[in-house]
file model.cif (mmCIF, C-alpha atoms and all ligand atoms)
data_upload
loop_
_atom_site.label_atom_id
_atom_site.label_comp_id
_atom_site.auth_asym_id
_atom_site.auth_seq_id
_atom_site.Cartn_x
_atom_site.Cartn_y
_atom_site.Cartn_z
CA MET A 192 5.26 14.37 16.92
CA LYS A 193 2.85 12.77 14.47
CA THR A 194 3.11 9.01 14.15
CA ALA A 195 2.30 6.26 11.65
CA LEU A 196 2.33 2.48 11.83
CA THR A 197 3.04 0.15 8.92
CA ILE A 198 1.77 -3.42 9.02
CA ALA A 199 3.60 -5.09 6.15
CA GLY A 200 6.31 -7.43 4.88
CA SER A 201 10.06 -6.91 5.12
CA ASP A 202 12.11 -6.49 1.92
CA SER A 203 15.76 -7.36 2.62
CA GLY A 204 16.74 -5.26 -0.41
CA GLY A 205 15.32 -2.18 1.32
CA GLY A 206 13.32 -0.87 -1.64
CA ALA A 207 9.76 -2.00 -0.86
CA GLY A 208 7.68 -3.19 2.08
CA ILE A 209 8.39 -2.13 5.65
CA GLN A 210 11.70 -0.54 4.67
CA ALA A 211 10.10 1.72 2.03
CA ASP A 212 7.29 2.60 4.44
CA LEU A 213 9.62 3.66 7.26
CA LYS A 214 11.77 5.71 4.87
CA THR A 215 8.64 7.41 3.55
CA PHE A 216 7.44 8.22 7.08
CA ALA A 217 10.88 9.65 7.92
CA ALA A 218 10.90 11.74 4.73
CA HIS A 219 7.59 13.25 5.92
CA SER A 220 8.97 13.88 9.45
CA VAL A 221 6.46 11.38 10.85
CA TYR A 222 7.59 8.95 13.57
CA GLY A 223 7.39 5.44 12.10
CA MET A 224 6.46 2.16 13.80
CA SER A 225 6.27 -1.31 12.24
CA VAL A 226 4.47 -4.62 12.58
CA ILE A 227 6.15 -7.26 10.40
CA THR A 228 3.82 -9.82 8.82
CA ALA A 229 6.31 -11.72 6.67
CA ILE A 230 10.00 -11.69 5.83
CA THR A 231 10.98 -11.78 2.18
CA ALA A 232 14.48 -12.68 1.02
CA GLN A 233 14.53 -10.19 -1.81
CA ASN A 234 16.71 -7.87 -3.91
CA THR A 235 16.05 -5.63 -6.91
CA VAL A 236 15.83 -8.70 -9.18
CA GLU A 237 13.66 -11.23 -7.37
CA VAL A 238 11.85 -12.51 -4.30
CA ARG A 239 13.75 -15.68 -3.37
CA SER A 240 11.72 -16.91 -0.42
CA VAL A 241 9.08 -15.81 2.08
CA GLN A 242 8.65 -16.69 5.75
CA ASN A 243 5.31 -15.72 7.26
CA ILE A 244 5.40 -14.50 10.85
CA ASP A 245 3.39 -16.43 13.43
CA GLU A 246 -0.10 -14.91 13.84
CA GLN A 247 0.29 -14.61 17.61
CA ILE A 248 3.46 -12.53 17.17
CA ILE A 249 1.67 -10.31 14.66
CA GLN A 250 -1.17 -9.75 17.12
CA ASP A 251 1.35 -9.11 19.93
CA GLN A 252 3.20 -6.51 17.82
CA ILE A 253 -0.04 -4.62 17.04
CA GLU A 254 -1.13 -4.73 20.68
CA ALA A 255 2.31 -3.68 21.96
CA VAL A 256 2.20 -0.58 19.75
CA PHE A 257 -1.40 0.44 20.43
CA ASP A 258 -1.29 -0.30 24.18
CA ASP A 259 1.54 2.20 24.65
CA LEU A 260 1.93 4.57 21.71
CA LYS A 261 -0.36 7.02 19.95
CA VAL A 262 -1.00 5.97 16.34
CA ASP A 263 -2.12 8.78 14.02
CA ALA A 264 -2.41 6.60 10.91
CA VAL A 265 -1.96 2.98 9.83
CA LYS A 266 -0.74 1.67 6.50
CA ILE A 267 -1.29 -2.01 5.64
CA GLY A 268 0.75 -3.74 2.95
CA MET A 269 1.76 -7.38 2.35
CA LEU A 270 -0.36 -9.83 4.36
CA SER A 271 0.63 -13.11 2.72
CA SER A 272 -1.93 -15.59 4.13
CA PRO A 273 -5.66 -15.76 5.00
CA SER A 274 -4.95 -16.19 8.71
CA ILE A 275 -2.69 -13.11 8.74
CA VAL A 276 -5.46 -11.08 7.08
CA THR A 277 -7.91 -12.23 9.77
CA THR A 278 -5.46 -11.57 12.61
CA VAL A 279 -4.77 -8.03 11.40
CA ALA A 280 -8.48 -7.28 10.82
CA GLU A 281 -9.57 -8.61 14.22
CA THR A 282 -6.77 -6.93 16.16
CA LEU A 283 -7.20 -3.55 14.45
CA ALA A 284 -10.97 -3.70 15.00
CA LYS A 285 -10.29 -3.62 18.76
CA TYR A 286 -8.35 -0.34 18.50
CA GLN A 287 -10.32 1.46 15.75
CA PRO A 288 -7.40 3.63 14.54
CA ASN A 289 -8.16 7.05 13.07
CA HIS A 290 -6.92 6.40 9.55
CA ILE A 291 -6.28 3.09 7.78
CA VAL A 292 -4.70 2.99 4.32
CA LEU A 293 -4.81 -0.47 2.74
CA ASP A 294 -2.54 -1.31 -0.19
CA PRO A 295 -3.97 -4.64 -1.45
CA VAL A 296 -0.57 -6.01 -2.44
CA MET A 297 -0.85 -9.28 -4.39
CA VAL A 298 2.14 -9.97 -6.65
CA SER A 299 5.67 -8.49 -6.89
CA LYS A 300 6.88 -6.91 -10.14
CA GLY A 301 8.94 -10.07 -10.67
CA GLY A 302 5.76 -12.19 -10.44
CA HIS A 303 6.17 -13.63 -6.94
CA ARG A 304 2.90 -13.98 -5.00
CA LEU A 305 2.81 -11.78 -1.89
CA LEU A 306 -0.80 -12.71 -1.01
CA ALA A 307 -2.03 -16.30 -1.29
CA GLU A 308 -4.94 -16.77 -3.69
CA ASP A 309 -7.11 -18.12 -0.88
CA ALA A 310 -6.52 -14.93 1.15
CA ILE A 311 -8.30 -12.69 -1.37
CA SER A 312 -11.80 -13.32 -0.02
CA ALA A 313 -10.69 -12.57 3.57
CA LEU A 314 -9.05 -9.36 2.36
CA LYS A 315 -12.29 -8.34 0.62
CA GLU A 316 -14.66 -9.27 3.42
CA GLU A 317 -12.70 -8.58 6.59
CA LEU A 318 -10.19 -5.85 5.84
CA MET A 319 -11.37 -3.72 2.91
CA PRO A 320 -14.45 -2.42 4.79
CA LEU A 321 -12.25 -1.43 7.77
CA ALA A 322 -9.96 0.75 5.65
CA ASP A 323 -10.55 4.47 5.05
CA ILE A 324 -8.91 4.13 1.66
CA ILE A 325 -7.62 1.29 -0.50
CA THR A 326 -4.95 1.83 -3.17
CA PRO A 327 -5.19 -0.96 -5.78
CA ASN A 328 -3.40 -0.89 -9.12
CA ILE A 329 -5.36 -2.04 -12.16
CA PRO A 330 -4.47 -5.78 -12.01
CA GLU A 331 -5.38 -5.84 -8.29
CA ALA A 332 -8.64 -3.95 -8.92
CA GLU A 333 -9.54 -6.39 -11.71
CA ILE A 334 -9.17 -9.33 -9.34
CA LEU A 335 -10.99 -7.65 -6.45
CA THR A 336 -13.94 -6.36 -8.52
CA GLU A 337 -13.97 -9.26 -11.00
CA GLN A 338 -14.09 -6.95 -14.01
CA LYS A 339 -11.77 -5.94 -16.86
CA ILE A 340 -10.33 -2.41 -16.69
CA LEU A 341 -9.18 -1.27 -20.12
CA ASN A 342 -9.65 2.50 -19.94
CA GLU A 343 -10.55 5.43 -17.70
CA LEU A 344 -14.29 4.74 -18.03
CA ASP A 345 -13.74 1.19 -16.71
CA MET A 346 -11.76 2.70 -13.82
CA LYS A 347 -14.86 4.68 -12.78
CA SER A 348 -17.07 1.62 -12.89
CA ALA A 349 -14.51 -0.38 -10.83
CA CYS A 350 -14.62 2.35 -8.16
CA ILE A 351 -18.40 1.99 -7.97
CA SER A 352 -17.98 -1.80 -7.63
CA PHE A 353 -15.60 -1.18 -4.72
CA LYS A 354 -18.26 0.95 -3.02
CA LYS A 355 -20.71 -1.96 -3.38
CA LEU A 356 -18.11 -4.14 -1.64
CA GLY A 357 -18.26 -1.80 1.38
CA VAL A 358 -15.10 0.20 0.62
CA LYS A 359 -15.18 3.80 1.93
CA SER A 360 -12.83 5.33 -0.63
CA VAL A 361 -10.45 4.24 -3.35
CA LEU A 362 -7.37 5.52 -5.12
CA LEU A 363 -7.33 3.40 -8.27
CA LYS A 364 -3.85 3.74 -9.79
CA GLY A 365 -3.88 4.07 -13.57
CA GLY A 366 -0.19 3.38 -14.21
CA HIS A 367 -0.85 0.04 -15.93
CA LEU A 368 -2.84 1.70 -18.74
CA SER A 369 -0.84 2.83 -21.78
CA THR A 370 -2.01 6.43 -21.29
CA ASP A 371 -0.54 8.83 -18.71
CA PRO A 372 -0.51 7.38 -15.16
CA ASN A 373 -3.62 9.21 -13.99
CA ASP A 374 -5.06 7.88 -10.74
CA LEU A 375 -8.75 8.03 -9.87
CA PHE A 376 -9.78 8.99 -6.34
CA TYR A 377 -13.38 8.16 -5.39
CA ASP A 378 -14.69 9.07 -1.95
CA GLY A 379 -17.97 7.23 -2.42
CA GLU A 380 -19.66 10.35 -3.82
CA ASN A 381 -17.32 12.27 -6.09
CA PHE A 382 -14.56 11.34 -8.54
CA TYR A 383 -11.29 13.26 -8.69
CA TRP A 384 -8.55 12.59 -11.25
CA VAL A 385 -5.09 12.84 -9.73
CA LYS A 386 -3.04 13.36 -12.84
CA GLY A 387 0.51 12.20 -13.35
CA LYS A 388 3.15 12.13 -16.04
CA ARG A 389 5.00 9.00 -17.03
CA VAL A 390 8.61 8.79 -15.89
CA HIS A 391 10.54 6.39 -18.11
CA THR A 392 12.80 4.38 -15.82
CA LYS A 393 13.21 0.72 -14.86
CA ASN A 394 13.85 1.76 -11.28
CA THR A 395 10.34 1.57 -9.88
CA HIS A 396 10.70 -1.00 -7.11
CA GLY A 397 8.49 -0.18 -4.14
CA THR A 398 6.41 2.55 -5.75
CA GLY A 399 3.08 1.18 -4.48
CA CYS A 400 4.41 0.80 -0.93
CA THR A 401 5.80 4.32 -1.00
CA LEU A 402 2.61 5.90 -2.33
CA SER A 403 0.35 4.26 0.26
CA SER A 404 2.67 5.11 3.14
CA ALA A 405 2.92 8.72 1.90
CA ILE A 406 -0.90 8.89 2.04
CA ALA A 407 -0.77 7.55 5.63
CA ALA A 408 1.96 10.07 6.59
CA ASN A 409 -0.07 12.96 5.20
CA LEU A 410 -3.22 11.77 6.98
CA ALA A 411 -1.21 11.50 10.22
CA LYS A 412 -0.25 15.16 9.76
CA GLY A 413 -3.91 16.15 9.70
CA ASN A 414 -4.52 16.55 5.98
CA THR A 415 -7.83 15.55 4.40
CA LEU A 416 -7.96 12.35 2.39
CA LEU A 417 -8.07 14.21 -0.95
CA THR A 418 -5.12 16.45 -0.02
CA SER A 419 -3.18 13.44 1.30
CA VAL A 420 -3.69 11.59 -1.97
CA GLN A 421 -2.61 14.63 -4.02
CA LEU A 422 0.48 15.25 -1.89
CA ALA A 423 1.42 11.55 -1.99
CA LYS A 424 1.08 11.46 -5.78
CA ALA A 425 3.37 14.49 -6.12
CA TYR A 426 5.89 12.85 -3.74
CA ILE A 427 6.00 9.50 -5.57
CA GLU A 428 6.38 11.18 -8.95
CA VAL A 429 9.53 13.04 -7.85
CA ALA A 430 10.79 9.97 -5.94
CA ILE A 431 10.56 8.01 -9.23
CA GLU A 432 12.19 10.83 -11.22
CA HIS A 433 15.14 10.63 -8.79
CA SER A 434 15.05 6.83 -8.44
CA LEU A 435 18.26 5.02 -7.60
CA ASP A 436 20.15 2.82 -10.05
CA LEU A 437 21.07 0.23 -7.41
CA GLY A 438 21.23 -3.50 -8.10
CA ASN A 439 20.74 -5.32 -11.39
CA GLY A 440 16.94 -5.30 -11.48
CA HIS A 441 14.37 -2.64 -10.68
CA GLY A 442 16.17 -0.12 -8.49
CA PRO A 443 14.26 1.60 -5.66
CA THR A 444 12.56 4.97 -5.65
CA ASN A 445 14.49 7.73 -3.89
CA HIS A 446 12.67 8.62 -0.67
CA PHE A 447 14.99 11.49 0.21
CA TYR A 448 15.48 13.24 -3.14
N1 LIG B 501 8.08 -6.89 -1.27
C1 LIG B 501 7.28 -6.50 -0.30
C2 LIG B 501 7.57 -6.91 1.08
C3 LIG B 501 6.17 -5.69 -0.62
O1 LIG B 501 5.35 -5.28 0.34
C4 LIG B 501 5.94 -5.30 -1.96
C5 LIG B 501 4.83 -4.46 -2.36
O2 LIG B 501 4.01 -4.05 -1.64
C6 LIG B 501 6.78 -5.75 -2.93
C7 LIG B 501 7.84 -6.54 -2.55
C8 LIG B 501 6.54 -5.46 -4.34
O3 LIG B 501 7.29 -4.44 -4.79
P1 LIG B 501 7.36 -4.28 -6.37
O4 LIG B 501 5.96 -4.17 -6.83
O5 LIG B 501 8.14 -3.06 -6.54
O6 LIG B 501 8.03 -5.53 -6.85
#

call {"tool": "encode", "arguments": {"input": "model.cif", "output": "structure tokens", "more": "lines below"}}
Ligand code: PLP
result
Amino acid sequence: MKTALTIAGSDSGGGAGIQADLKTFAAHSVYGMSVITAITAQNTVEVRSVQNIDEQIIQDQIEAVFDDLKVDAVKIGMLSSPSIVTTVAETLAKYQPNHIVLDPVMVSKGGHRLLAEDAISALKEELMPLADIITPNIPEAEILTEQKILNELDMKSACISFKKLGVKSVLLKGGHLSTDPNDLFYDGENFYWVKGKRVHTKNTHGTGCTLSSAIAANLAKGNTLLTSVQLAKAYIEVAIEHSLDLGNGHGPTNHFY
């Protein structure tokens, strides 16, 4: 059985975070494991409060998994604080997992911060170079590369900036542009457009979490990075097309359409 580990925050509403990641792993027939970094009290409308998990317990969870179980791929999501970023980076460095997918989650759709502002430099310096691929959206890429991204040409130049920051490869998600949601994959040498079509729905909660964990699941199954990205993009598009009208806010994507 292929396996994947998510290191991320819990969403009590079940649409994003750890819950979305484990559903995505299950939908790919990959055995899922989880290290919880923070607990959010959340539904489809809002994040009400956040409790960070003690760094020692985060380290213990990672060690407990790696000391006993085989881990074919790791997905990293919400990290919340600078010391959690450092704990995750230092503990993972000891185990050198085969594949690390880093979703540099910063702010929820409702505007709640999921990564403290003073954690951004630790994320850039300690964790981004460890990852095999990072999956920023445009607002996240603008903060991380300190440049405006207004069109597809700017997306290319942001990818090159990521390489200068020591990132191995990037899937820069284009969904925030007004054009079609075409994502740009850059492996440090070549650019590949992973094209998408816009699905008009308000029910898009957890899309970023689902996409990055689908990449991890496909890597765990032995696919190349490019194939994993393409398969994950196809999966998220259909999961959004079949998204669930649950709750009063942004309903979740449908992992088992
Ligand atoms: N809650 C948690 C725990 C998350 O990890 C994320 C995104 O990664 C979100 C919420 C944000 O989800 P959305 O962008 O759909 O609001």

call {"tool": "closest_residue", "arguments": {"input": "model.cif", "among": "A:Val276, A:Val256, A:Cys350, A:Val226", "to": "Ala307 of chain A", "atoms": "all atoms listed in the file"}}
result
A:Val276

call {"tool": "residues_around", "arguments": {"input": "model.cif", "residues": "segment 376-384 of chain A", "least_positions_apart": "2", "cutoff": "9 Å", "atoms": "only C-alpha atoms", "output": "count of residues only"}}
result
18

call {"tool": "residues_near_ligand", "arguments": {"input": "model.cif", "ligand": "ligand LIG 501 (chain B)", "cutoff": "10 Å", "atoms": "all atoms listed in the file", "output": "mmCIF file with C-alpha atoms, in the coordinates of the input"}}
result
data_model
loop_
_atom_site.group_PDB
_atom_site.id
_atom_site.type_symbol
_atom_site.label_atom_id
_atom_site.label_comp_id
_atom_site.auth_asym_id
_atom_site.auth_seq_id
_atom_site.Cartn_x
_atom_site.Cartn_y
_atom_site.Cartn_z
ATOM 1 C CA ILE A 198 1.770 -3.420 9.020
ATOM 2 C CA ALA A 199 3.600 -5.090 6.150
ATOM 3 C CA GLY A 200 6.310 -7.430 4.880
ATOM 4 C CA SER A 201 10.060 -6.910 5.120
ATOM 5 C CA ASP A 202 12.110 -6.490 1.920
ATOM 6 C CA SER A 203 15.760 -7.360 2.620
ATOM 7 C CA GLY A 204 16.740 -5.260 -0.410
ATOM 8 C CA GLY A 205 15.320 -2.180 1.320
ATOM 9 C CA GLY A 206 13.320 -0.870 -1.640
ATOM 10 C CA ALA A 207 9.760 -2.000 -0.860
ATOM 11 C CA GLY A 208 7.680 -3.190 2.080
ATOM 12 C CA ILE A 209 8.390 -2.130 5.650
ATOM 13 C CA GLN A 210 11.700 -0.540 4.670
ATOM 14 C CA ALA A 211 10.100 1.720 2.030
ATOM 15 C CA ASP A 212 7.290 2.600 4.440
ATOM 16 C CA ILE A 227 6.150 -7.260 10.400
ATOM 17 C CA THR A 228 3.820 -9.820 8.820
ATOM 18 C CA ALA A 229 6.310 -11.720 6.670
ATOM 19 C CA ILE A 230 10.000 -11.690 5.830
ATOM 20 C CA THR A 231 10.980 -11.780 2.180
ATOM 21 C CA ALA A 232 14.480 -12.680 1.020
ATOM 22 C CA GLN A 233 14.530 -10.190 -1.810
ATOM 23 C CA ASN A 234 16.710 -7.870 -3.910
ATOM 24 C CA THR A 235 16.050 -5.630 -6.910
ATOM 25 C CA VAL A 236 15.830 -8.700 -9.180
ATOM 26 C CA GLU A 237 13.660 -11.230 -7.370
ATOM 27 C CA VAL A 238 11.850 -12.510 -4.300
ATOM 28 C CA VAL A 241 9.080 -15.810 2.080
ATOM 29 C CA ILE A 267 -1.290 -2.010 5.640
ATOM 30 C CA GLY A 268 0.750 -3.740 2.950
ATOM 31 C CA MET A 269 1.760 -7.380 2.350
ATOM 32 C CA LEU A 270 -0.360 -9.830 4.360
ATOM 33 C CA SER A 271 0.630 -13.110 2.720
ATOM 34 C CA ASP A 294 -2.540 -1.310 -0.190
ATOM 35 C CA PRO A 295 -3.970 -4.640 -1.450
ATOM 36 C CA VAL A 296 -0.570 -6.010 -2.440
ATOM 37 C CA MET A 297 -0.850 -9.280 -4.390
ATOM 38 C CA VAL A 298 2.140 -9.970 -6.650
ATOM 39 C CA SER A 299 5.670 -8.490 -6.890
ATOM 40 C CA LYS A 300 6.880 -6.910 -10.140
ATOM 41 C CA GLY A 301 8.940 -10.070 -10.670
ATOM 42 C CA GLY A 302 5.760 -12.190 -10.440
ATOM 43 C CA HIS A 303 6.170 -13.630 -6.940
ATOM 44 C CA ARG A 304 2.900 -13.980 -5.000
ATOM 45 C CA LEU A 305 2.810 -11.780 -1.890
ATOM 46 C CA LEU A 306 -0.800 -12.710 -1.010
ATOM 47 C CA ASN A 394 13.850 1.760 -11.280
ATOM 48 C CA THR A 395 10.340 1.570 -9.880
ATOM 49 C CA HIS A 396 10.700 -1.000 -7.110
ATOM 50 C CA GLY A 397 8.490 -0.180 -4.140
ATOM 51 C CA THR A 398 6.410 2.550 -5.750
ATOM 52 C CA GLY A 399 3.080 1.180 -4.480
ATOM 53 C CA CYS A 400 4.410 0.800 -0.930
ATOM 54 C CA THR A 401 5.800 4.320 -1.000
ATOM 55 C CA SER A 403 0.350 4.260 0.260
ATOM 56 C CA HIS A 441 14.370 -2.640 -10.680
ATOM 57 C CA GLY A 442 16.170 -0.120 -8.490
ATOM 58 C CA PRO A 443 14.260 1.600 -5.660
ATOM 59 C CA THR A 444 12.560 4.970 -5.650
#

call {"tool": "atom_distance", "arguments": {"input": "model.cif", "atom1": "atom CA of His391 of chain A", "atom2": "atom CA of Asn328 of chain A"}}
result
18.1 Å

call {"tool": "closest_residue", "arguments": {"input": "model.cif", "among": "A:Ala264, A:Leu435, A:Ala411, A:Leu402", "to": "Thr215 of chain A", "atoms": "only C-alpha atoms"}}
result
A:Leu402

call {"tool": "atom_distance", "arguments": {"input": "model.cif", "atom1": "atom CA of His219 of chain A", "atom2": "atom CA of Ile329 of chain A"}}
result
27.0 Å

call {"tool": "atom_distance", "arguments": {"input": "model.cif", "atom1": "atom CA of Ser225 of chain A", "atom2": "atom CA of Glu281 of chain A"}}
result
17.6 Å

call {"tool": "closest_residue", "arguments": {"input": "model.cif", "among": "A:Thr336, A:Asp258, A:Asp345, A:Ala218", "to": "Tyr426 of chain A", "atoms": "only C-alpha atoms"}}
result
A:Ala218

call {"tool": "residues_near_point", "arguments": {"input": "model.cif", "point": "(-10.4, 3.5, 7.0)", "cutoff": "8 Å", "atoms": "all atoms listed in the file", "output": "list in words"}}
result
Asn289, His290, Ile291, Val292, Pro320, Leu321, Ala322, Asp323, Ile324 and Lys359 of chain A

call {"tool": "closest_residue", "arguments": {"input": "model.cif", "among": "A:Val429, A:Leu335, A:Leu368, A:Ala195", "to": "Ala310 of chain A", "atoms": "all atoms listed in the file"}}
result
A:Leu335

call {"tool": "closest_residue", "arguments": {"input": "model.cif", "among": "A:Lys315, A:Met192, A:Ile431, A:Pro330", "to": "His446 of chain A", "atoms": "only C-alpha atoms"}}
result
A:Ile431

call {"tool": "residues_near_point", "arguments": {"input": "model.cif", "point": "(-12.7, -14.4, 5.5)", "cutoff": "12 Å", "atoms": "all atoms listed in the file", "output": "number ranges by chain"}}
result
A: 272-281, 309-319

call {"tool": "residues_around", "arguments": {"input": "model.cif", "residues": "Arg389 of chain A", "least_positions_apart": "2", "cutoff": "10 Å", "atoms": "only C-alpha atoms", "output": "list in words"}}
result
Gly366, Ser369, Thr370, Asp371, Pro372, Asn373, Gly387, His391, Thr392, Glu428, Ile431 and Glu432 of chain A

call {"tool": "closest_residue", "arguments": {"input": "model.cif", "among": "A:Asp259, A:Glu254, A:Glu337, A:Glu308", "to": "Lys285 of chain A", "atoms": "only C-alpha atoms"}}
result
A:Glu254
